[in-house]
Each structure stands twice: as C-alpha cells, then as structure tokens.
Amino acid sequence: MEIIDGKKVASELKLELKKQVAEMIENDIPAPHLAAILVGDDPASHTYVNSKEKDCREVGFISSLYKHPEKITERELFEIIDYINNDEEIDGLIVQLPLPKHISESKVIQRINPAKDVDGFHPLNVGKMLKGLPTYLPATPYGIMQLIERYDIDTEGKNCVVLGRSDIVGTPMSILLSRKTNPGNCTVTLCHSRTKDLKKIAAEADILIAAIGSPGFVTADMVKKDAVVIDVGIHRVPAPEKASGFKLVGDVQFAEVAKKCSYITPVPGGVGPMTRAGLLQNTFIAAKKEIYS
C-alpha cells in the first residue's frame with residue numbers, strides 16, 4: 001500500500017508555478033491576480049479563503065479579498081461580481097460557497113465572466129469540459145487527475161466507481177475519467193444516495209472515488225483488494241483527546257481500508273492541497289489568456 005501524498009505534489013506544483021511567475025515579472029508581465037468574494041461568517045469558508053490567500057503569496061500571485069456580511073442582497077452581490085468582471089487587472093474570480101439561502105448559487109456562478117471563472121463552475125466552462133475542449137477544470141477533479149498522473153496510476157480499461165454526483169466533484173470526475181485521455185479511458189459508474197446495491201458496486205471498483213459527503217462511509221467490505229482509493233471528503237468530528245476538540249476525517253475509514261489498497265489518499269494531506277493547487281493553476285492559465293484571449 002502506498003499513500004498518495006497530496007501535500008507533497010501540491011508543493012511541487014506550487015514551486016513550478018513560482019518559477020513561472022518570477023519569469024513573467026522579469027519580463028514586465030503582471031503577476032496573476034486572483035480575487036475572492038466571501039459572504040458571511042462560516043468558519044470553514046474563512047479558513048479555506050485564508051489558505052488560498054497564503055497559497056497566492058507563496059507563488060507570487062496578487063490576491064484580493066472582498067468580504068461582505070451575510071445580509072448582503074443578491075443584487076448587491078451581482079454588482080460586486082460585475083465590477084470584478086470588468087476589472088482588467090483581475091484574472092480570476094471565485095465566490096466562496098456555500099452562500100446564504102436568500103442568494104442563488106446558480107445565478108451567482110452564471111454571473112461570473114467565464115474567462116475569470118477559475119473554479120470551473122460556469123455552464124460554458126462545464127460544457128467545454130464535456131466536449132473535451134480547453135477550459136478551466138473544477139479544482140478538485142483537476143487536482144485528483146494530477147495525483148493519478150504523477151503517481152503513474154494506470155487507468156486505461158479500469159472499472160472506476162465514483163460515490164457522489166455533485167457538480168463540484170462527482171459528476172466532473174466521472175466525465176474526466178471516462179474521456180479518451182491519459183489518465184482516463186475508465187469505465188465509470190456514478191453512484192449516489194439512491195443507488196441500489198451501492199456497497200456491491202463499490203467493491204468491484206479498481207479505482208474508487210469517495211465524494212459522498214458522509215464521514216467514514218466507505219468501509220473495508222466496500223473495497224476491492226489492491227484498489228486505488230481517493231478520499232475527497234473532509235469532516236470535523238469530535239476528538240476530546242485533542243487540544244482543538246476535533247479531528248479531520250474523510251469519507252473513508254482510513255485505518256481499515258488502507259490495508260486493502262494499492263494506493264490511498266489520507267485526510268488531511270491528500271486531495272485538499274491539490275484542490276488549492278488546481279485553483280492556482282487555473283488562475284495562471286487565465287492570466288496567460290490560454291483559454292480566452
């Protein structure tokens with residue numbers, strides 16, 4: 001069994017980006033600029049956005065943060081998005097999810113200029129992904145594909161099962177792994193909470209992507225011997241023995257599942273750092289005008 005070290009791979013990717021950004025600056029080309037909009041006081045969202053700002057500093061990006069109270073209206077948020085859309089000095093824009101219930105996430109995503117949609121959520125960019133055209137890939141699937149590639153995991157002809165059908169992870173993962181690419185060429189089964197015989201289907205997977213959003217959902221009896229297991233979940237659960245009072249766990253029962261795997265991602269330190277690296281890479285691509293000129 002080999003642990004897939006997402007933290008290590010993300011550090012390598014950031015070092016590569018840092019060198020490329022330094023070259024841009026040496027050639028009088030502005031550094032990539034990522035803007036983030038944060039609405040409300042959700043602790044997890046604040047932590048994640050702070051991490052993104054730190055990542056930007058590490059690679060030499062410019063970062064801007066627009067913080068707004070939870071009571072902001074949808075119309076006011078649209079005006080802020082429009083302002084950033086029209087700012088030629090900003091290359092990428094993310095609106096941190098989730099948003100308050102009175103704001104439509106779908107409308108917000110569609111309001112973002114597709115050329116600055118470095119989260120890869122805009123319908124235009126999703127459509128390009130579906131057609132296999134150059135685009136910004138959703139950051140988590142993008143990071144997972146790079147982990148698979150860098151660990152030289154064979155995917156061709158493999159049976160892949162994805163647990164979870166979200167637009168952010170599950171659905172795009174199923175698309176990317178089924179494409180005629182390397183990594184890719186998998187036969188993919190996309191499962192969800194209403195899938196019958198889910199445990200049986202999971203146990204037949206050569207590659208199992210767990211993104212179902214339930215802590216410890218995947219147990220050893222759901223995993224085939226020598227399977228590759230990618231754990232996308234991240235949850236805070238009580239841990240009285242720790243000073244913080246909690247610990248982070250994934251969708252997979254790591255201790256029991258790891259014994260059966262050929263490769264497995266840990267939580268934390270697996271997919272999480274690669275999600276942030278994917279966002280940086282999309283922002284760099286946006287700054288270079290590789291997708292939208």
# chains A, B, ... in the order shown; residues from 1 in each chain; ligands from 1
>>> residues_around(residues="region 53-55 of chain A", least_positions_apart="3", cutoff="10 Å", atoms="only C-alpha atoms", output="VMD selection string")
chain A and resid 11 14 34 to 36 48 to 50 58 to 65 273 276 to 277 279 to 280
>>> write_last_selection(atoms="N, CA and C atoms", output="mmCIF file, in the first residue's frame")
data_model
loop_
_atom_site.group_PDB
_atom_site.id
_atom_site.type_symbol
_atom_site.label_atom_id
_atom_site.label_comp_id
_atom_site.auth_asym_id
_atom_site.auth_seq_id
_atom_site.Cartn_x
_atom_site.Cartn_y
_atom_site.Cartn_z
ATOM 1 N N SER A 11 3.005 20.950 -3.261
ATOM 2 C CA SER A 11 4.204 21.775 -3.045
ATOM 3 C C SER A 11 5.070 21.814 -4.297
ATOM 4 N N LYS A 14 3.341 24.084 -6.802
ATOM 5 C CA LYS A 14 3.473 25.498 -6.422
ATOM 6 C C LYS A 14 4.879 26.013 -6.703
ATOM 7 N N LEU A 34 -5.767 36.914 -8.385
ATOM 8 C CA LEU A 34 -6.961 36.157 -8.015
ATOM 9 C C LEU A 34 -7.781 36.947 -7.003
ATOM 10 N N ALA A 35 -9.064 37.121 -7.297
ATOM 11 C CA ALA A 35 -9.983 37.793 -6.373
ATOM 12 C C ALA A 35 -10.954 36.765 -5.802
ATOM 13 N N ALA A 36 -11.269 36.915 -4.524
ATOM 14 C CA ALA A 36 -12.230 36.028 -3.863
ATOM 15 C C ALA A 36 -13.291 36.865 -3.168
ATOM 16 N N TYR A 48 -10.709 28.335 4.506
ATOM 17 C CA TYR A 48 -10.350 27.964 3.138
ATOM 18 C C TYR A 48 -9.848 29.177 2.354
ATOM 19 N N VAL A 49 -10.543 30.312 2.488
ATOM 20 C CA VAL A 49 -10.131 31.521 1.774
ATOM 21 C C VAL A 49 -8.777 32.012 2.286
ATOM 22 N N ASN A 50 -8.557 31.940 3.585
ATOM 23 C CA ASN A 50 -7.257 32.327 4.140
ATOM 24 C C ASN A 50 -6.141 31.457 3.576
ATOM 25 N N GLU A 58 2.660 32.564 -1.629
ATOM 26 C CA GLU A 58 3.774 31.627 -1.802
ATOM 27 C C GLU A 58 4.257 31.555 -3.245
ATOM 28 N N VAL A 59 3.352 31.680 -4.202
ATOM 29 C CA VAL A 59 3.753 31.546 -5.615
ATOM 30 C C VAL A 59 3.932 32.888 -6.313
ATOM 31 N N GLY A 60 3.677 33.983 -5.596
ATOM 32 C CA GLY A 60 3.895 35.305 -6.179
ATOM 33 C C GLY A 60 2.681 35.914 -6.855
ATOM 34 N N PHE A 61 1.496 35.328 -6.631
ATOM 35 C CA PHE A 61 0.264 35.900 -7.170
ATOM 36 C C PHE A 61 -0.146 37.129 -6.363
ATOM 37 N N ILE A 62 -0.950 37.967 -6.970
ATOM 38 C CA ILE A 62 -1.658 39.035 -6.268
ATOM 39 C C ILE A 62 -3.020 38.469 -5.858
ATOM 40 N N SER A 63 -3.453 38.747 -4.645
ATOM 41 C CA SER A 63 -4.768 38.270 -4.214
ATOM 42 C C SER A 63 -5.566 39.423 -3.603
ATOM 43 N N SER A 64 -6.857 39.417 -3.879
ATOM 44 C CA SER A 64 -7.770 40.407 -3.306
ATOM 45 C C SER A 64 -8.939 39.673 -2.674
ATOM 46 N N LEU A 65 -9.360 40.141 -1.506
ATOM 47 C CA LEU A 65 -10.482 39.515 -0.812
ATOM 48 C C LEU A 65 -11.572 40.550 -0.575
ATOM 49 N N PRO A 273 -4.968 19.733 -0.458
ATOM 50 C CA PRO A 273 -3.929 20.615 -1.001
ATOM 51 C C PRO A 273 -3.950 20.684 -2.532
ATOM 52 N N ARG A 276 -6.505 23.285 -3.916
ATOM 53 C CA ARG A 276 -5.971 24.649 -3.920
ATOM 54 C C ARG A 276 -4.927 24.827 -5.011
ATOM 55 N N ALA A 277 -4.133 23.798 -5.269
ATOM 56 C CA ALA A 277 -3.142 23.873 -6.352
ATOM 57 C C ALA A 277 -3.837 23.988 -7.702
ATOM 58 N N LEU A 279 -6.686 25.390 -8.305
ATOM 59 C CA LEU A 279 -7.176 26.760 -8.422
ATOM 60 C C LEU A 279 -6.058 27.707 -8.855
ATOM 61 N N LEU A 280 -4.868 27.544 -8.285
ATOM 62 C CA LEU A 280 -3.725 28.373 -8.673
ATOM 63 C C LEU A 280 -3.381 28.154 -10.143
#
>>> select_by_dssp(residues="region 157-238 of chain A", states="helix (DSSP H, G or I)", output="list in words")
Gly170, Thr171, Pro172, Met173, Ser174, Ile175, Leu176, Leu177, Ser178, Leu198, Lys199, Lys200, Ile201, Ala202, Ala220, Asp221 and Met222 of chain A
>>> residues_around(residues="Phe121 (chain A)", least_positions_apart="3", cutoff="8 Å", atoms="only C-alpha atoms", output="ChimeraX atom specification")
/A:109,117-118,125-126,138,167-168
>>> closest_residue(among="A:Lys18, A:Lys196, A:Arg57, A:Lys224", to="Asn159 (chain A)", atoms="only C-alpha atoms")
A:Lys224
>>> closest_residue(among="A:Ser214, A:Thr135, A:Ser45, A:Thr275", to="Gly164 (chain A)", atoms="only C-alpha atoms")
A:Ser214
>>> closest_residue(among="A:Glu204, A:Asp251, A:Glu79, A:Glu290", to="Asp91 (chain A)", atoms="only C-alpha atoms")
A:Glu290
>>> select_by_dssp(residues="region 199-293 of chain A", states="strand (DSSP E)", output="mmCIF file with C-alpha atoms, in the first residue's frame")
data_model
loop_
_atom_site.group_PDB
_atom_site.id
_atom_site.type_symbol
_atom_site.label_atom_id
_atom_site.label_comp_id
_atom_site.auth_asym_id
_atom_site.auth_seq_id
_atom_site.Cartn_x
_atom_site.Cartn_y
_atom_site.Cartn_z
ATOM 1 C CA ILE A 207 -10.498 2.912 -8.688
ATOM 2 C CA LEU A 208 -12.879 4.238 -6.022
ATOM 3 C CA ILE A 209 -13.521 7.979 -5.695
ATOM 4 C CA ALA A 210 -15.298 8.727 -2.404
ATOM 5 C CA ALA A 227 -7.978 -0.924 -5.366
ATOM 6 C CA VAL A 228 -6.958 2.725 -5.671
ATOM 7 C CA VAL A 229 -8.995 4.811 -3.208
ATOM 8 C CA ILE A 230 -9.284 8.587 -3.498
ATOM 9 C CA ASP A 231 -10.956 10.158 -0.453
ATOM 10 C CA HIS A 235 -15.233 16.482 8.074
ATOM 11 C CA ARG A 236 -14.669 17.793 11.575
ATOM 12 C CA VAL A 237 -15.603 15.198 14.188
ATOM 13 C CA PRO A 238 -15.331 15.474 17.983
ATOM 14 C CA PHE A 246 -11.905 17.874 16.975
ATOM 15 C CA LYS A 247 -10.097 15.971 14.239
ATOM 16 C CA LEU A 248 -10.414 15.830 10.464
ATOM 17 C CA VAL A 249 -11.632 12.657 8.790
ATOM 18 C CA CYS A 261 -5.437 -0.734 -1.132
ATOM 19 C CA SER A 262 -2.646 -0.373 -3.625
ATOM 20 C CA TYR A 263 -2.900 3.430 -3.267
ATOM 21 C CA ILE A 264 -4.936 5.650 -0.948
#
>>> closest_residue(among="A:Gly278, A:Gly157, A:Pro215, A:Pro240", to="Gly120 (chain A)", atoms="only C-alpha atoms")
A:Gly278
>>> residues_around(residues="Arg150 (chain A)", least_positions_apart="6", cutoff="12 Å", atoms="only C-alpha atoms", output="PyMOL selection string")
chain A and resi 4-6+8-10+12-13+143-144+182-183+274
>>> closest_residue(among="A:Pro123, A:Pro32, A:Pro134, A:Pro268", to="Leu93 (chain A)", atoms="only C-alpha atoms")
A:Pro32
>>> atom_distance(atom1="CA of Asp226 (chain A)", atom2="CA of Lys260 (chain A)")
5.7 Å
>>> closest_residue(among="A:Ser166, A:Thr187, A:Gln253, A:Asn27", to="Gly213 (chain A)", atoms="only C-alpha atoms")
A:Ser166
>>> residues_around(residues="Gly184 (chain A)", least_positions_apart="3", cutoff="10 Å", atoms="only C-alpha atoms", output="list of chain:residue names")
A:Met145, A:Ile148, A:Glu149, A:Asp154, A:Thr155, A:Glu156, A:Gly157, A:Lys158, A:Cys160, A:Ser174, A:Ile175, A:Leu176, A:Leu177, A:Ser178, A:Arg179, A:Lys180, A:Thr181, A:Thr187, A:Val188
>>> atom_distance(atom1="CA of Asn85 (chain A)", atom2="CA of Ala286 (chain A)")
12.8 Å
>>> decode(residues="region 4-30 of chain A", atoms="N, CA and C atoms", output="short mmCIF file (atom, residue, chain, number, x, y, z; two decimals), in the first residue's frame")
data_model
loop_
_atom_site.label_atom_id
_atom_site.label_comp_id
_atom_site.auth_asym_id
_atom_site.auth_seq_id
_atom_site.Cartn_x
_atom_site.Cartn_y
_atom_site.Cartn_z
N ILE A 4 -0.86 8.26 -1.18
CA ILE A 4 -0.73 9.34 -2.17
C ILE A 4 -0.61 10.66 -1.42
N ASP A 5 0.55 11.27 -1.49
CA ASP A 5 0.86 12.46 -0.70
C ASP A 5 0.49 13.72 -1.48
N GLY A 6 -0.74 14.19 -1.29
CA GLY A 6 -1.20 15.38 -1.99
C GLY A 6 -0.47 16.63 -1.57
N LYS A 7 -0.07 16.68 -0.32
CA LYS A 7 0.66 17.85 0.17
C LYS A 7 2.00 17.98 -0.55
N LYS A 8 2.67 16.86 -0.76
CA LYS A 8 3.97 16.87 -1.45
C LYS A 8 3.81 17.28 -2.92
N VAL A 9 2.83 16.69 -3.59
CA VAL A 9 2.62 17.02 -5.01
C VAL A 9 2.21 18.47 -5.17
N ALA A 10 1.34 18.96 -4.28
CA ALA A 10 0.91 20.36 -4.34
C ALA A 10 2.10 21.30 -4.16
N SER A 11 3.01 20.95 -3.26
CA SER A 11 4.20 21.77 -3.05
C SER A 11 5.07 21.81 -4.30
N GLU A 12 5.18 20.67 -4.98
CA GLU A 12 5.95 20.63 -6.23
C GLU A 12 5.30 21.51 -7.30
N LEU A 13 3.98 21.44 -7.40
CA LEU A 13 3.26 22.25 -8.39
C LEU A 13 3.40 23.74 -8.08
N LYS A 14 3.34 24.08 -6.80
CA LYS A 14 3.47 25.50 -6.42
C LYS A 14 4.88 26.01 -6.70
N LEU A 15 5.88 25.17 -6.50
CA LEU A 15 7.26 25.57 -6.81
C LEU A 15 7.41 25.83 -8.30
N GLU A 16 6.81 24.97 -9.12
CA GLU A 16 6.84 25.16 -10.58
C GLU A 16 6.16 26.47 -10.96
N LEU A 17 5.01 26.75 -10.34
CA LEU A 17 4.29 27.99 -10.63
C LEU A 17 5.10 29.22 -10.20
N LYS A 18 5.73 29.10 -9.04
CA LYS A 18 6.52 30.23 -8.52
C LYS A 18 7.61 30.63 -9.51
N LYS A 19 8.25 29.64 -10.11
CA LYS A 19 9.30 29.92 -11.09
C LYS A 19 8.72 30.59 -12.33
N GLN A 20 7.56 30.12 -12.78
CA GLN A 20 6.93 30.69 -13.97
C GLN A 20 6.46 32.12 -13.72
N VAL A 21 5.95 32.38 -12.51
CA VAL A 21 5.51 33.73 -12.16
C VAL A 21 6.71 34.67 -12.10
N ALA A 22 7.81 34.19 -11.56
CA ALA A 22 9.03 35.01 -11.49
C ALA A 22 9.49 35.40 -12.89
N GLU A 23 9.37 34.48 -13.83
CA GLU A 23 9.74 34.77 -15.23
C GLU A 23 8.81 35.82 -15.83
N MET A 24 7.52 35.74 -15.51
CA MET A 24 6.57 36.75 -16.00
C MET A 24 6.96 38.14 -15.52
N ILE A 25 7.24 38.22 -14.21
CA ILE A 25 7.58 39.52 -13.62
C ILE A 25 8.88 40.06 -14.21
N GLU A 26 9.86 39.18 -14.43
CA GLU A 26 11.13 39.60 -15.04
C GLU A 26 10.92 40.17 -16.44
N ASN A 27 9.89 39.70 -17.11
CA ASN A 27 9.58 40.17 -18.46
C ASN A 27 8.50 41.26 -18.46
N ASP A 28 8.34 41.92 -17.30
CA ASP A 28 7.39 43.03 -17.15
C ASP A 28 5.95 42.64 -17.45
N ILE A 29 5.62 41.39 -17.18
CA ILE A 29 4.24 40.91 -17.30
C ILE A 29 3.67 40.84 -15.88
N PRO A 30 2.51 41.45 -15.65
CA PRO A 30 1.95 41.45 -14.28
C PRO A 30 1.72 40.03 -13.75
#
